[in-house]
$ cat input_17.txt   # compact mmCIF, C-alpha atoms
# COMPACT_ATOMS: atom_id res chain seq x y z
CA MET A 1 -107.40 17.56 -56.78
CA ARG A 2 -108.72 21.11 -57.00
CA LYS A 3 -106.99 23.27 -59.55
CA SER A 4 -105.78 26.72 -58.63
CA ILE A 5 -106.32 30.12 -60.19
CA ALA A 6 -103.96 32.96 -59.32
CA VAL A 7 -105.46 36.43 -59.75
CA ASP A 8 -103.56 39.68 -60.20
CA MET A 9 -104.77 42.72 -58.21
CA ASP A 10 -104.06 46.00 -60.02
CA GLN A 11 -106.19 46.45 -63.18
CA VAL A 12 -107.80 43.05 -62.61
CA LEU A 13 -109.47 43.50 -59.20
CA ALA A 14 -108.51 47.04 -58.19
CA ASN A 15 -108.63 50.22 -60.22
CA PHE A 16 -105.10 51.43 -59.59
CA ILE A 17 -104.70 53.45 -62.77
CA ASP A 18 -107.52 55.96 -62.26
CA LYS A 19 -106.29 56.94 -58.79
CA ALA A 20 -102.65 56.98 -59.90
CA VAL A 21 -103.39 59.26 -62.85
CA ALA A 22 -105.48 61.63 -60.71
CA ALA A 23 -102.79 61.73 -58.01
CA SER A 24 -100.05 62.36 -60.54
CA ASN A 25 -101.93 65.14 -62.33
CA ALA A 26 -102.88 66.77 -59.02
CA HIS A 27 -99.29 66.62 -57.77
CA PHE A 28 -97.69 67.97 -60.94
CA GLY A 29 -100.53 70.27 -62.07
CA GLU A 30 -100.85 68.38 -65.36
CA GLN A 31 -103.58 66.78 -67.46
CA LEU A 32 -101.75 63.73 -68.76
CA SER A 33 -103.34 60.41 -69.70
CA ALA A 34 -102.35 57.09 -68.16
CA TYR A 35 -100.51 56.28 -71.37
CA GLU A 36 -98.48 59.49 -71.20
CA ILE A 37 -97.61 59.00 -67.53
CA PHE A 38 -96.65 55.32 -67.72
CA ARG A 39 -95.03 55.36 -71.15
CA GLY A 40 -92.53 58.05 -70.60
CA GLU A 41 -93.73 61.65 -70.72
CA HIS A 42 -92.24 62.22 -67.29
CA SER A 43 -88.61 62.94 -66.49
CA GLU A 44 -86.73 60.51 -64.27
CA GLU A 45 -87.16 62.93 -61.35
CA LYS A 46 -90.92 63.08 -61.81
CA ARG A 47 -91.10 59.32 -62.15
CA GLN A 48 -89.35 58.92 -58.80
CA GLN A 49 -91.71 61.41 -57.15
CA PHE A 50 -94.63 59.49 -58.64
CA TRP A 51 -93.41 56.19 -57.17
CA GLN A 52 -93.02 57.85 -53.80
CA ILE A 53 -96.65 58.94 -53.92
CA ILE A 54 -97.96 55.49 -54.71
CA ASN A 55 -95.64 53.87 -52.17
CA GLU A 56 -97.34 55.81 -49.36
CA PRO A 57 -98.81 53.31 -46.86
CA ASP A 58 -102.43 54.17 -47.63
CA PHE A 59 -102.38 54.76 -51.36
CA PHE A 60 -103.70 51.30 -52.22
CA ARG A 61 -106.15 51.11 -49.32
CA ASP A 62 -109.12 52.89 -50.97
CA LEU A 63 -108.78 51.90 -54.62
CA ALA A 64 -112.11 51.37 -56.32
CA LEU A 65 -113.12 47.94 -57.55
CA LEU A 66 -112.30 47.69 -61.23
CA ASP A 67 -115.36 45.60 -62.07
CA GLU A 68 -118.35 45.03 -59.81
CA ASP A 69 -118.73 41.49 -61.18
CA ALA A 70 -115.45 40.37 -59.63
CA TYR A 71 -117.03 39.56 -56.26
CA ASP A 72 -119.71 37.22 -57.61
CA VAL A 73 -117.47 35.48 -60.12
CA LEU A 74 -114.65 34.92 -57.64
CA LYS A 75 -117.14 33.60 -55.11
CA GLU A 76 -118.43 31.11 -57.67
CA LEU A 77 -114.96 30.04 -58.78
CA ASN A 78 -113.94 29.70 -55.13
CA GLU A 79 -116.36 26.75 -54.88
CA THR A 80 -114.44 24.75 -57.47
CA TYR A 81 -110.91 26.15 -57.52
CA ASP A 82 -108.35 27.30 -54.99
CA ILE A 83 -108.17 31.05 -55.53
CA TYR A 84 -104.80 32.68 -55.02
CA ILE A 85 -104.15 36.42 -55.16
CA ALA A 86 -100.79 37.14 -56.76
CA THR A 87 -99.77 40.77 -56.68
CA ALA A 88 -96.46 42.27 -57.72
CA ALA A 89 -95.93 44.33 -54.60
CA MET A 90 -92.14 44.41 -54.29
CA ASP A 91 -91.79 47.68 -56.24
CA VAL A 92 -94.09 49.35 -53.71
CA PRO A 93 -93.21 47.67 -50.39
CA GLY A 94 -94.98 50.46 -48.52
CA SER A 95 -98.24 49.13 -49.96
CA PHE A 96 -98.20 45.64 -48.44
CA LEU A 97 -100.54 46.15 -45.52
CA ALA A 98 -102.96 48.35 -47.48
CA LYS A 99 -103.22 45.68 -50.17
CA TYR A 100 -103.85 43.00 -47.56
CA ASP A 101 -106.55 45.06 -45.83
CA TRP A 102 -108.15 45.93 -49.19
CA LEU A 103 -108.41 42.26 -50.12
CA ARG A 104 -109.87 41.31 -46.73
CA GLU A 105 -112.48 44.07 -47.05
CA HIS A 106 -113.60 43.40 -50.61
CA PHE A 107 -113.19 39.61 -50.79
CA PRO A 108 -113.64 38.38 -47.21
CA PHE A 109 -114.33 34.81 -48.41
CA LEU A 110 -110.82 34.41 -49.83
CA ASN A 111 -108.23 32.54 -47.80
CA PRO A 112 -105.32 34.87 -46.90
CA GLN A 113 -103.07 31.81 -46.68
CA TYR A 114 -103.27 31.89 -50.48
CA PHE A 115 -102.30 35.56 -50.88
CA ILE A 116 -98.94 35.95 -52.61
CA PHE A 117 -97.12 39.27 -52.50
CA CYS A 118 -94.30 38.86 -54.95
CA GLY A 119 -92.42 40.44 -57.82
CA ASN A 120 -91.79 38.19 -60.80
CA LYS A 121 -94.71 35.78 -61.13
CA LYS A 122 -92.55 32.89 -62.24
CA VAL A 123 -92.45 32.11 -58.50
CA VAL A 124 -96.20 31.43 -58.42
CA ASN A 125 -97.24 27.77 -58.45
CA ALA A 126 -100.79 27.70 -59.83
CA ASP A 127 -102.64 26.20 -62.77
CA TYR A 128 -103.91 29.52 -64.13
CA LEU A 129 -102.92 33.17 -63.82
CA ILE A 130 -105.30 36.01 -64.71
CA ASP A 131 -103.21 39.12 -65.31
CA ASP A 132 -103.27 42.26 -67.44
CA THR A 133 -99.47 42.29 -67.93
CA VAL A 134 -98.24 40.19 -70.83
CA GLN A 135 -94.72 39.97 -69.39
CA GLN A 136 -96.02 38.44 -66.16
CA LEU A 137 -97.98 35.85 -68.14
CA ARG A 138 -94.75 35.01 -69.93
CA ASN A 139 -92.91 34.65 -66.60
CA PHE A 140 -95.64 32.39 -65.23
CA THR A 141 -95.23 28.65 -65.81
CA GLY A 142 -98.95 27.67 -65.92
CA GLN A 143 -101.75 28.75 -68.27
CA GLY A 144 -101.87 32.51 -68.63
CA ILE A 145 -105.12 34.41 -69.22
CA LEU A 146 -104.86 38.02 -70.39
CA PHE A 147 -107.30 40.38 -68.68
CA ASP A 148 -108.24 42.95 -71.31
CA GLN A 149 -106.98 46.45 -70.54
CA PRO A 150 -106.03 49.48 -72.66
CA SER A 151 -102.34 48.76 -71.97
CA ASN A 152 -102.41 45.28 -73.54
CA GLN A 153 -104.36 45.87 -76.76
CA GLY A 154 -103.16 43.95 -79.79
CA ASP A 155 -101.43 41.17 -77.94
CA THR A 156 -102.44 37.73 -79.17
CA GLU A 157 -100.08 35.50 -77.19
CA PHE A 158 -102.62 34.49 -74.52
CA PRO A 159 -106.37 33.87 -74.38
CA ARG A 160 -108.03 37.23 -73.65
CA VAL A 161 -110.98 37.81 -71.31
CA HIS A 162 -113.09 40.97 -71.08
CA GLY A 163 -114.03 41.80 -67.50
CA TRP A 164 -115.12 39.30 -64.87
CA LYS A 165 -118.05 38.09 -66.93
CA GLY A 166 -115.38 37.11 -69.45
CA VAL A 167 -113.51 35.24 -66.71
CA ARG A 168 -116.72 33.37 -65.83
CA ASP A 169 -117.20 32.40 -69.49
CA TYR A 170 -113.58 31.25 -69.84
CA PHE A 171 -113.83 28.80 -66.94
CA ALA A 172 -117.31 27.61 -67.96
CA ASN A 173 -115.75 26.70 -71.31
CA VAL A 174 -112.78 25.00 -69.63
CA GLU A 175 -115.18 22.87 -67.61
CA ALA A 176 -117.37 22.09 -70.63
CA HIS A 177 -114.24 21.00 -72.46
CA VAL A 178 -113.12 18.81 -69.56
CA ASN A 179 -116.57 17.18 -69.37
CA VAL A 180 -116.53 16.39 -73.11
CA LYS A 181 -113.18 14.63 -72.91
CA MET B 1 -81.98 26.65 -66.95
CA ARG B 2 -81.01 27.78 -63.47
CA LYS B 3 -82.75 25.94 -60.68
CA SER B 4 -84.36 27.85 -57.86
CA ILE B 5 -84.07 27.59 -54.08
CA ALA B 6 -86.79 29.12 -51.90
CA VAL B 7 -85.62 30.04 -48.40
CA ASP B 8 -87.81 30.53 -45.35
CA MET B 9 -87.06 33.54 -43.10
CA ASP B 10 -87.97 32.88 -39.46
CA GLN B 11 -85.70 30.30 -37.80
CA VAL B 12 -83.77 29.86 -41.05
CA LEU B 13 -82.42 33.36 -41.69
CA ALA B 14 -83.81 35.40 -38.82
CA ASN B 15 -83.89 34.60 -35.13
CA PHE B 16 -87.55 35.24 -34.49
CA ILE B 17 -87.92 32.91 -31.51
CA ASP B 18 -85.43 34.54 -29.15
CA LYS B 19 -86.98 37.98 -29.52
CA ALA B 20 -90.53 36.57 -29.36
CA VAL B 21 -89.81 34.66 -26.15
CA ALA B 22 -88.15 37.67 -24.53
CA ALA B 23 -91.03 39.95 -25.58
CA SER B 24 -93.64 37.51 -24.30
CA ASN B 25 -91.93 36.97 -20.96
CA ALA B 26 -91.41 40.71 -20.50
CA HIS B 27 -95.04 41.45 -21.33
CA PHE B 28 -96.55 38.78 -19.09
CA GLY B 29 -93.87 38.79 -16.36
CA GLU B 30 -93.11 35.11 -16.95
CA GLN B 31 -90.10 32.91 -17.53
CA LEU B 32 -91.49 30.47 -20.06
CA SER B 33 -89.49 28.63 -22.70
CA ALA B 34 -90.24 28.84 -26.43
CA TYR B 35 -91.75 25.38 -26.21
CA GLU B 36 -94.10 26.41 -23.42
CA ILE B 37 -95.19 29.58 -25.22
CA PHE B 38 -95.73 28.06 -28.66
CA ARG B 39 -97.08 24.69 -27.57
CA GLY B 40 -99.90 25.86 -25.42
CA GLU B 41 -99.10 27.10 -21.92
CA HIS B 42 -100.88 30.34 -22.68
CA SER B 43 -104.61 30.95 -22.56
CA GLU B 44 -106.38 32.01 -25.73
CA GLU B 45 -106.42 35.59 -24.47
CA LYS B 46 -102.67 35.62 -23.89
CA ARG B 47 -102.08 34.04 -27.27
CA GLN B 48 -104.01 36.85 -28.93
CA GLN B 49 -102.06 39.49 -27.01
CA PHE B 50 -98.85 37.76 -28.05
CA TRP B 51 -99.81 37.88 -31.76
CA GLN B 52 -100.64 41.56 -31.39
CA ILE B 53 -97.16 42.20 -30.04
CA ILE B 54 -95.40 40.42 -32.89
CA ASN B 55 -97.72 42.01 -35.47
CA GLU B 56 -96.45 45.47 -34.49
CA PRO B 57 -94.92 47.13 -37.58
CA ASP B 58 -91.36 47.08 -36.25
CA PHE B 59 -91.20 43.77 -34.41
CA PHE B 60 -89.44 41.93 -37.26
CA ARG B 61 -87.23 44.85 -38.26
CA ASP B 62 -84.35 44.21 -35.82
CA LEU B 63 -84.32 40.43 -35.50
CA ALA B 64 -80.83 39.00 -35.15
CA LEU B 65 -79.37 36.80 -37.85
CA LEU B 66 -79.89 33.19 -36.87
CA ASP B 67 -76.59 32.02 -38.31
CA GLU B 68 -73.72 34.25 -39.42
CA ASP B 69 -72.87 31.82 -42.23
CA ALA B 70 -76.15 32.54 -44.05
CA TYR B 71 -74.73 35.57 -45.85
CA ASP B 72 -71.73 33.80 -47.38
CA VAL B 73 -73.58 30.62 -48.30
CA LEU B 74 -76.52 32.46 -49.89
CA LYS B 75 -74.08 34.65 -51.81
CA GLU B 76 -72.35 31.54 -53.17
CA LEU B 77 -75.61 29.78 -54.04
CA ASN B 78 -76.86 32.97 -55.69
CA GLU B 79 -74.18 32.46 -58.36
CA THR B 80 -75.67 29.16 -59.48
CA TYR B 81 -79.30 29.23 -58.40
CA ASP B 82 -82.15 31.72 -58.39
CA ILE B 83 -82.68 32.45 -54.71
CA TYR B 84 -86.24 33.12 -53.59
CA ILE B 85 -87.25 34.19 -50.10
CA ALA B 86 -90.55 32.58 -49.12
CA THR B 87 -91.94 33.78 -45.82
CA ALA B 88 -95.30 32.97 -44.30
CA ALA B 89 -96.27 36.54 -43.50
CA MET B 90 -100.05 36.46 -43.82
CA ASP B 91 -100.59 35.71 -40.11
CA VAL B 92 -98.68 38.88 -39.27
CA PRO B 93 -99.61 41.33 -42.05
CA GLY B 94 -98.29 44.20 -39.95
CA SER B 95 -94.81 42.74 -40.46
CA PHE B 96 -94.60 42.98 -44.24
CA LEU B 97 -92.55 46.14 -44.61
CA ALA B 98 -90.24 45.29 -41.70
CA LYS B 99 -89.50 41.90 -43.25
CA TYR B 100 -88.79 43.50 -46.60
CA ASP B 101 -86.45 46.09 -45.08
CA TRP B 102 -84.70 43.41 -42.99
CA LEU B 103 -84.00 41.32 -46.08
CA ARG B 104 -82.70 44.33 -48.03
CA GLU B 105 -80.38 45.23 -45.15
CA HIS B 106 -78.94 41.79 -44.47
CA PHE B 107 -78.94 40.30 -47.97
CA PRO B 108 -78.64 43.27 -50.34
CA PHE B 109 -77.48 41.03 -53.20
CA LEU B 110 -80.80 39.19 -53.34
CA ASN B 111 -83.33 40.19 -55.99
CA PRO B 112 -86.53 41.52 -54.33
CA GLN B 113 -88.46 40.45 -57.43
CA TYR B 114 -87.97 36.95 -56.02
CA PHE B 115 -89.31 37.71 -52.53
CA ILE B 116 -92.56 35.88 -51.79
CA PHE B 117 -94.73 36.92 -48.86
CA CYS B 118 -97.29 34.20 -48.61
CA GLY B 119 -99.12 31.86 -46.27
CA ASN B 120 -99.29 28.23 -47.39
CA LYS B 121 -96.11 27.40 -49.31
CA LYS B 122 -97.88 25.18 -51.81
CA VAL B 123 -98.17 28.41 -53.82
CA VAL B 124 -94.37 28.64 -54.21
CA ASN B 125 -92.96 27.49 -57.55
CA ALA B 126 -89.33 26.53 -56.88
CA ASP B 127 -87.13 23.46 -57.13
CA TYR B 128 -86.11 23.46 -53.46
CA LEU B 129 -87.49 24.88 -50.23
CA ILE B 130 -85.36 25.24 -47.09
CA ASP B 131 -87.72 25.52 -44.12
CA ASP B 132 -87.83 24.58 -40.44
CA THR B 133 -91.57 23.75 -40.52
CA VAL B 134 -92.37 20.19 -41.57
CA GLN B 135 -95.94 21.10 -42.53
CA GLN B 136 -94.72 23.74 -44.98
CA LEU B 137 -92.36 21.23 -46.58
CA ARG B 138 -95.35 18.92 -47.00
CA ASN B 139 -97.37 21.73 -48.60
CA PHE B 140 -94.54 22.54 -50.99
CA THR B 141 -94.51 20.68 -54.32
CA GLY B 142 -90.73 20.63 -54.92
CA GLN B 143 -87.86 19.10 -52.92
CA GLY B 144 -88.11 20.04 -49.26
CA ILE B 145 -85.05 20.47 -47.04
CA LEU B 146 -85.59 20.57 -43.28
CA PHE B 147 -83.54 23.23 -41.49
CA ASP B 148 -82.69 21.74 -38.10
CA GLN B 149 -84.36 23.51 -35.18
CA PRO B 150 -85.46 22.45 -31.69
CA SER B 151 -89.08 22.45 -32.87
CA ASN B 152 -88.54 19.83 -35.57
CA GLN B 153 -86.43 17.21 -33.76
CA GLY B 154 -87.19 13.62 -34.61
CA ASP B 155 -88.78 14.24 -37.96
CA THR B 156 -87.32 12.03 -40.69
CA GLU B 157 -89.55 12.86 -43.64
CA PHE B 158 -87.13 15.28 -45.32
CA PRO B 159 -83.37 15.60 -45.67
CA ARG B 160 -82.14 17.59 -42.66
CA VAL B 161 -79.45 20.28 -42.72
CA HIS B 162 -77.69 21.79 -39.70
CA GLY B 163 -77.12 25.51 -40.08
CA TRP B 164 -75.97 27.25 -43.24
CA LYS B 165 -72.77 25.22 -43.46
CA GLY B 166 -75.13 22.26 -43.70
CA VAL B 167 -77.00 23.98 -46.54
CA ARG B 168 -73.70 24.51 -48.37
CA ASP B 169 -72.84 20.81 -47.97
CA TYR B 170 -76.26 19.72 -49.18
CA PHE B 171 -76.00 21.62 -52.47
CA ALA B 172 -72.36 20.65 -52.97
CA ASN B 173 -73.55 17.04 -52.79
CA VAL B 174 -76.43 17.74 -55.18
CA GLU B 175 -73.97 19.15 -57.68
CA ALA B 176 -71.49 16.30 -57.22
CA HIS B 177 -74.34 13.89 -57.85
CA VAL B 178 -75.42 15.77 -60.99
CA ASN B 179 -71.85 15.77 -62.30
CA VAL B 180 -71.49 12.01 -61.78
CA LYS B 181 -74.60 11.23 -63.80
$ encode --input "input_17.txt" --output "structure tokens"
Amino acid sequence: MRKSIAVDMDQVLANFIDKAVAASNAHFGEQLSAYEIFRGEHSEEKRQQFWQIINEPDFFRDLALLDEDAYDVLKELNETYDIYIATAAMDVPGSFLAKYDWLREHFPFLNPQYFIFCGNKKVVNADYLIDDTVQQLRNFTGQGILFDQPSNQGDTEFPRVHGWKGVRDYFANVEAHVNVK
Amino acid sequence: MRKSIAVDMDQVLANFIDKAVAASNAHFGEQLSAYEIFRGEHSEEKRQQFWQIINEPDFFRDLALLDEDAYDVLKELNETYDIYIATAAMDVPGSFLAKYDWLREHFPFLNPQYFIFCGNKKVVNADYLIDDTVQQLRNFTGQGILFDQPSNQGDTEFPRVHGWKGVRDYFANVEAHVNVK
């Protein structure tokens, strides 16, 4: 039976952070870094305004690809594995359709019947999850793979991959290991 | 550890069929039954028009509750189980936000972090799935429970429950069985 790989969207496929930081700084007339915005420089009121901005229906529609290699590597993996997209969308319910359309545009070979818009990724039934959020890998019940990002430096709880070339290497090694057995 | 129950939306919580049939008949000037509409009386062109109608952003927003008992029974089960909502939304991506808002309105005690908008329910990681579609229960890897509906008469592959009082009885029996062990 084919194994399944669930793939996170934001900061794994899509570059959410760069647009979010630019939008926040433009809105508030600031020059804060992602770290400062997401780790608490903003007041509660500003945080709420920020979430309203990113919950706008089209905010997620034109995000840039995080890594140009994602297309080729996912297409290769799609030959051997069932590829699921698992995105924590419930905090930004206004984003659902934009996220769906973005996936269809950038990865037209993926099967939308395997898209999962969720919150806590413990609900995802897959063999692997590629995610940049350590807490989501902890929630997940299969094998977690940490996608290297500035926000998760130093964590050693999960195997770490650097970019989509790193994802390709990880699964090549998994298969080599399986063939040795 | 708490066990989890995933619950389908359409024809389990929400009365999708009645509104869909009325909308179809109004649009085409017909008097067809649900069976005739969903099992092939329509041409391919009409079927596509029909899907466009139900994919309108607000179509799912004002569906009636299928069974008034759902609220009380889900609230009770929510004390003992993690309740997930698993809805096959990927065929009607325009419906995402309406479905989310509908759930928040009718079942405000449910945790949106456990909402799952998906396609094929093999991706859902839960102990139980309550669904009216036999094929989805087959896709699912946990214990399926068939929610009795006109469309699934005669099927004997899964335990069958009648309405939300039937769901309550089913889990009361599960617990009685566990306590006997």
$ interface_residues --input "input_17.txt" --of "chain B" --to "chain A" --cutoff "9 Å" --atoms "all atoms listed in the file" --output "compact mmCIF listing (two decimals) with C-alpha atoms, in the coordinates of the input"
# COMPACT_ATOMS: atom_id res chain seq x y z
CA TYR B 84 -86.24 33.12 -53.59
CA ALA B 88 -95.30 32.97 -44.30
CA ALA B 89 -96.27 36.54 -43.50
CA MET B 90 -100.05 36.46 -43.82
CA ASP B 91 -100.59 35.71 -40.11
CA PRO B 93 -99.61 41.33 -42.05
CA GLY B 94 -98.29 44.20 -39.95
CA SER B 95 -94.81 42.74 -40.46
CA PHE B 96 -94.60 42.98 -44.24
CA LEU B 97 -92.55 46.14 -44.61
CA TYR B 100 -88.79 43.50 -46.60
CA ASP B 101 -86.45 46.09 -45.08
CA PRO B 112 -86.53 41.52 -54.33
CA GLN B 113 -88.46 40.45 -57.43
CA TYR B 114 -87.97 36.95 -56.02
CA PHE B 115 -89.31 37.71 -52.53
CA ILE B 116 -92.56 35.88 -51.79
CA PHE B 117 -94.73 36.92 -48.86
CA CYS B 118 -97.29 34.20 -48.61
CA GLY B 119 -99.12 31.86 -46.27
CA ASN B 120 -99.29 28.23 -47.39
CA LYS B 121 -96.11 27.40 -49.31
CA LYS B 122 -97.88 25.18 -51.81
CA VAL B 123 -98.17 28.41 -53.82
CA VAL B 124 -94.37 28.64 -54.21
CA ASN B 125 -92.96 27.49 -57.55
CA ALA B 126 -89.33 26.53 -56.88
CA THR B 141 -94.51 20.68 -54.32
$ residues_around --input "input_17.txt" --residues "Phe28 (chain B)" --least-positions-apart "4" --cutoff "10 Å" --atoms "all atoms listed in the file" --output "list in words"
Ala23, Ser24, Leu32, Lys46, Gln49 and Phe50 of chain B
$ atom_distance --input "input_17.txt" --atom1 "CA of Tyr35 (chain A)" --atom2 "CA of Ser151 (chain A)"
7.8 Å
$ closest_residue --input "input_17.txt" --among "B:Asp169, B:Asp67, B:Glu30, B:Glu56" --to "Gln149 (chain B)" --atoms "only C-alpha atoms"
B:Asp67
$ residues_around --input "input_17.txt" --residues "Phe107 (chain A)" --least-positions-apart "2" --cutoff "9 Å" --atoms "only C-alpha atoms" --output "list in words"
Tyr71, Leu74, Lys75, Trp102, Leu103, Arg104, Glu105, Phe109 and Leu110 of chain A
$ residues_around --input "input_17.txt" --residues "Arg168 (chain B)" --least-positions-apart "3" --cutoff "12 Å" --atoms "only C-alpha atoms" --output "list of chain:residue names"
B:Asp69, B:Ala70, B:Tyr71, B:Asp72, B:Val73, B:Leu74, B:Lys75, B:Glu76, B:Leu77, B:Asn78, B:Ile130, B:Val161, B:His162, B:Gly163, B:Trp164, B:Lys165, B:Phe171, B:Ala172, B:Asn173, B:Val174, B:Glu175
$ write_last_selection --input "input_17.txt" --atoms "C-alpha atoms" --output "short mmCIF file (atom, residue, chain, number, x, y, z; two decimals), in the coordinates of the input"
data_model
loop_
_atom_site.label_atom_id
_atom_site.label_comp_id
_atom_site.auth_asym_id
_atom_site.auth_seq_id
_atom_site.Cartn_x
_atom_site.Cartn_y
_atom_site.Cartn_z
CA ASP B 69 -72.87 31.82 -42.23
CA ALA B 70 -76.15 32.54 -44.05
CA TYR B 71 -74.73 35.57 -45.85
CA ASP B 72 -71.73 33.80 -47.38
CA VAL B 73 -73.58 30.62 -48.30
CA LEU B 74 -76.52 32.46 -49.89
CA LYS B 75 -74.08 34.65 -51.81
CA GLU B 76 -72.35 31.54 -53.17
CA LEU B 77 -75.61 29.78 -54.04
CA ASN B 78 -76.86 32.97 -55.69
CA ILE B 130 -85.36 25.24 -47.09
CA VAL B 161 -79.45 20.28 -42.72
CA HIS B 162 -77.69 21.79 -39.70
CA GLY B 163 -77.12 25.51 -40.08
CA TRP B 164 -75.97 27.25 -43.24
CA LYS B 165 -72.77 25.22 -43.46
CA PHE B 171 -76.00 21.62 -52.47
CA ALA B 172 -72.36 20.65 -52.97
CA ASN B 173 -73.55 17.04 -52.79
CA VAL B 174 -76.43 17.74 -55.18
CA GLU B 175 -73.97 19.15 -57.68
#
$ closest_residue --input "input_17.txt" --among "B:Pro159, B:Glu68, B:Asn55, B:Asp8" --to "Gln136 (chain B)" --atoms "all atoms listed in the file"
B:Asp8
$ atom_distance --input "input_17.txt" --atom1 "CA of His27 (chain B)" --atom2 "CA of Met9 (chain B)"
24.5 Å
$ atom_distance --input "input_17.txt" --atom1 "CA of Gln135 (chain A)" --atom2 "CA of Val7 (chain A)"
14.9 Å
$ closest_residue --input "input_17.txt" --among "B:Ser33, B:Thr133, B:Asn139, B:Gln52" --to "Gln153 (chain B)" --atoms "all atoms listed in the file"
B:Thr133
$ closest_residue --input "input_17.txt" --among "A:Ile5, A:Val134, A:Leu63, A:Ala176" --to "Lys19 (chain A)" --atoms "all atoms listed in the file"
A:Leu63
$ build_atoms --input "input_17.txt" --residues "region 66-82 of chain B" --atoms "N, CA and C atoms" --output "PDB file, in the frame of the given file"
ATOM      1  N   LEU B  66     -79.911  34.463 -37.578  1.00  0.00           N
ATOM      2  CA  LEU B  66     -79.890  33.190 -36.870  1.00  0.00           C
ATOM      3  C   LEU B  66     -78.514  32.557 -36.945  1.00  0.00           C
ATOM      4  N   ASP B  67     -77.840  32.742 -38.054  1.00  0.00           N
ATOM      5  CA  ASP B  67     -76.590  32.020 -38.310  1.00  0.00           C
ATOM      6  C   ASP B  67     -75.725  32.916 -39.198  1.00  0.00           C
ATOM      7  N   GLU B  68     -74.569  33.307 -38.695  1.00  0.00           N
ATOM      8  CA  GLU B  68     -73.720  34.250 -39.420  1.00  0.00           C
ATOM      9  C   GLU B  68     -73.262  33.709 -40.773  1.00  0.00           C
ATOM     10  N   ASP B  69     -73.312  32.395 -40.958  1.00  0.00           N
ATOM     11  CA  ASP B  69     -72.870  31.820 -42.230  1.00  0.00           C
ATOM     12  C   ASP B  69     -73.880  32.038 -43.368  1.00  0.00           C
ATOM     13  N   ALA B  70     -75.099  32.437 -43.021  1.00  0.00           N
ATOM     14  CA  ALA B  70     -76.150  32.540 -44.050  1.00  0.00           C
ATOM     15  C   ALA B  70     -75.727  33.471 -45.187  1.00  0.00           C
ATOM     16  N   TYR B  71     -75.106  34.589 -44.832  1.00  0.00           N
ATOM     17  CA  TYR B  71     -74.730  35.570 -45.850  1.00  0.00           C
ATOM     18  C   TYR B  71     -73.805  34.958 -46.905  1.00  0.00           C
ATOM     19  N   ASP B  72     -72.707  34.356 -46.435  1.00  0.00           N
ATOM     20  CA  ASP B  72     -71.730  33.800 -47.380  1.00  0.00           C
ATOM     21  C   ASP B  72     -72.310  32.669 -48.218  1.00  0.00           C
ATOM     22  N   VAL B  73     -73.062  31.791 -47.569  1.00  0.00           N
ATOM     23  CA  VAL B  73     -73.580  30.620 -48.300  1.00  0.00           C
ATOM     24  C   VAL B  73     -74.627  31.061 -49.324  1.00  0.00           C
ATOM     25  N   LEU B  74     -75.509  31.988 -48.937  1.00  0.00           N
ATOM     26  CA  LEU B  74     -76.520  32.460 -49.890  1.00  0.00           C
ATOM     27  C   LEU B  74     -75.856  33.185 -51.068  1.00  0.00           C
ATOM     28  N   LYS B  75     -74.777  33.924 -50.750  1.00  0.00           N
ATOM     29  CA  LYS B  75     -74.080  34.650 -51.810  1.00  0.00           C
ATOM     30  C   LYS B  75     -73.466  33.660 -52.809  1.00  0.00           C
ATOM     31  N   GLU B  76     -72.900  32.581 -52.286  1.00  0.00           N
ATOM     32  CA  GLU B  76     -72.350  31.540 -53.170  1.00  0.00           C
ATOM     33  C   GLU B  76     -73.453  30.881 -54.007  1.00  0.00           C
ATOM     34  N   LEU B  77     -74.523  30.475 -53.334  1.00  0.00           N
ATOM     35  CA  LEU B  77     -75.610  29.780 -54.040  1.00  0.00           C
ATOM     36  C   LEU B  77     -76.247  30.682 -55.085  1.00  0.00           C
ATOM     37  N   ASN B  78     -76.274  31.973 -54.788  1.00  0.00           N
ATOM     38  CA  ASN B  78     -76.860  32.970 -55.690  1.00  0.00           C
ATOM     39  C   ASN B  78     -76.143  33.019 -57.048  1.00  0.00           C
ATOM     40  N   GLU B  79     -74.911  32.503 -57.091  1.00  0.00           N
ATOM     41  CA  GLU B  79     -74.180  32.460 -58.360  1.00  0.00           C
ATOM     42  C   GLU B  79     -74.728  31.384 -59.294  1.00  0.00           C
ATOM     43  N   THR B  80     -75.269  30.347 -58.697  1.00  0.00           N
ATOM     44  CA  THR B  80     -75.670  29.160 -59.480  1.00  0.00           C
ATOM     45  C   THR B  80     -77.176  28.984 -59.544  1.00  0.00           C
ATOM     46  N   TYR B  81     -77.850  29.428 -58.496  1.00  0.00           N
ATOM     47  CA  TYR B  81     -79.300  29.230 -58.400  1.00  0.00           C
ATOM     48  C   TYR B  81     -80.009  30.574 -58.343  1.00  0.00           C
ATOM     49  N   ASP B  82     -81.292  30.573 -58.716  1.00  0.00           N
ATOM     50  CA  ASP B  82     -82.150  31.720 -58.390  1.00  0.00           C
ATOM     51  C   ASP B  82     -82.595  31.541 -56.945  1.00  0.00           C
TER      52      ASP B  82
END
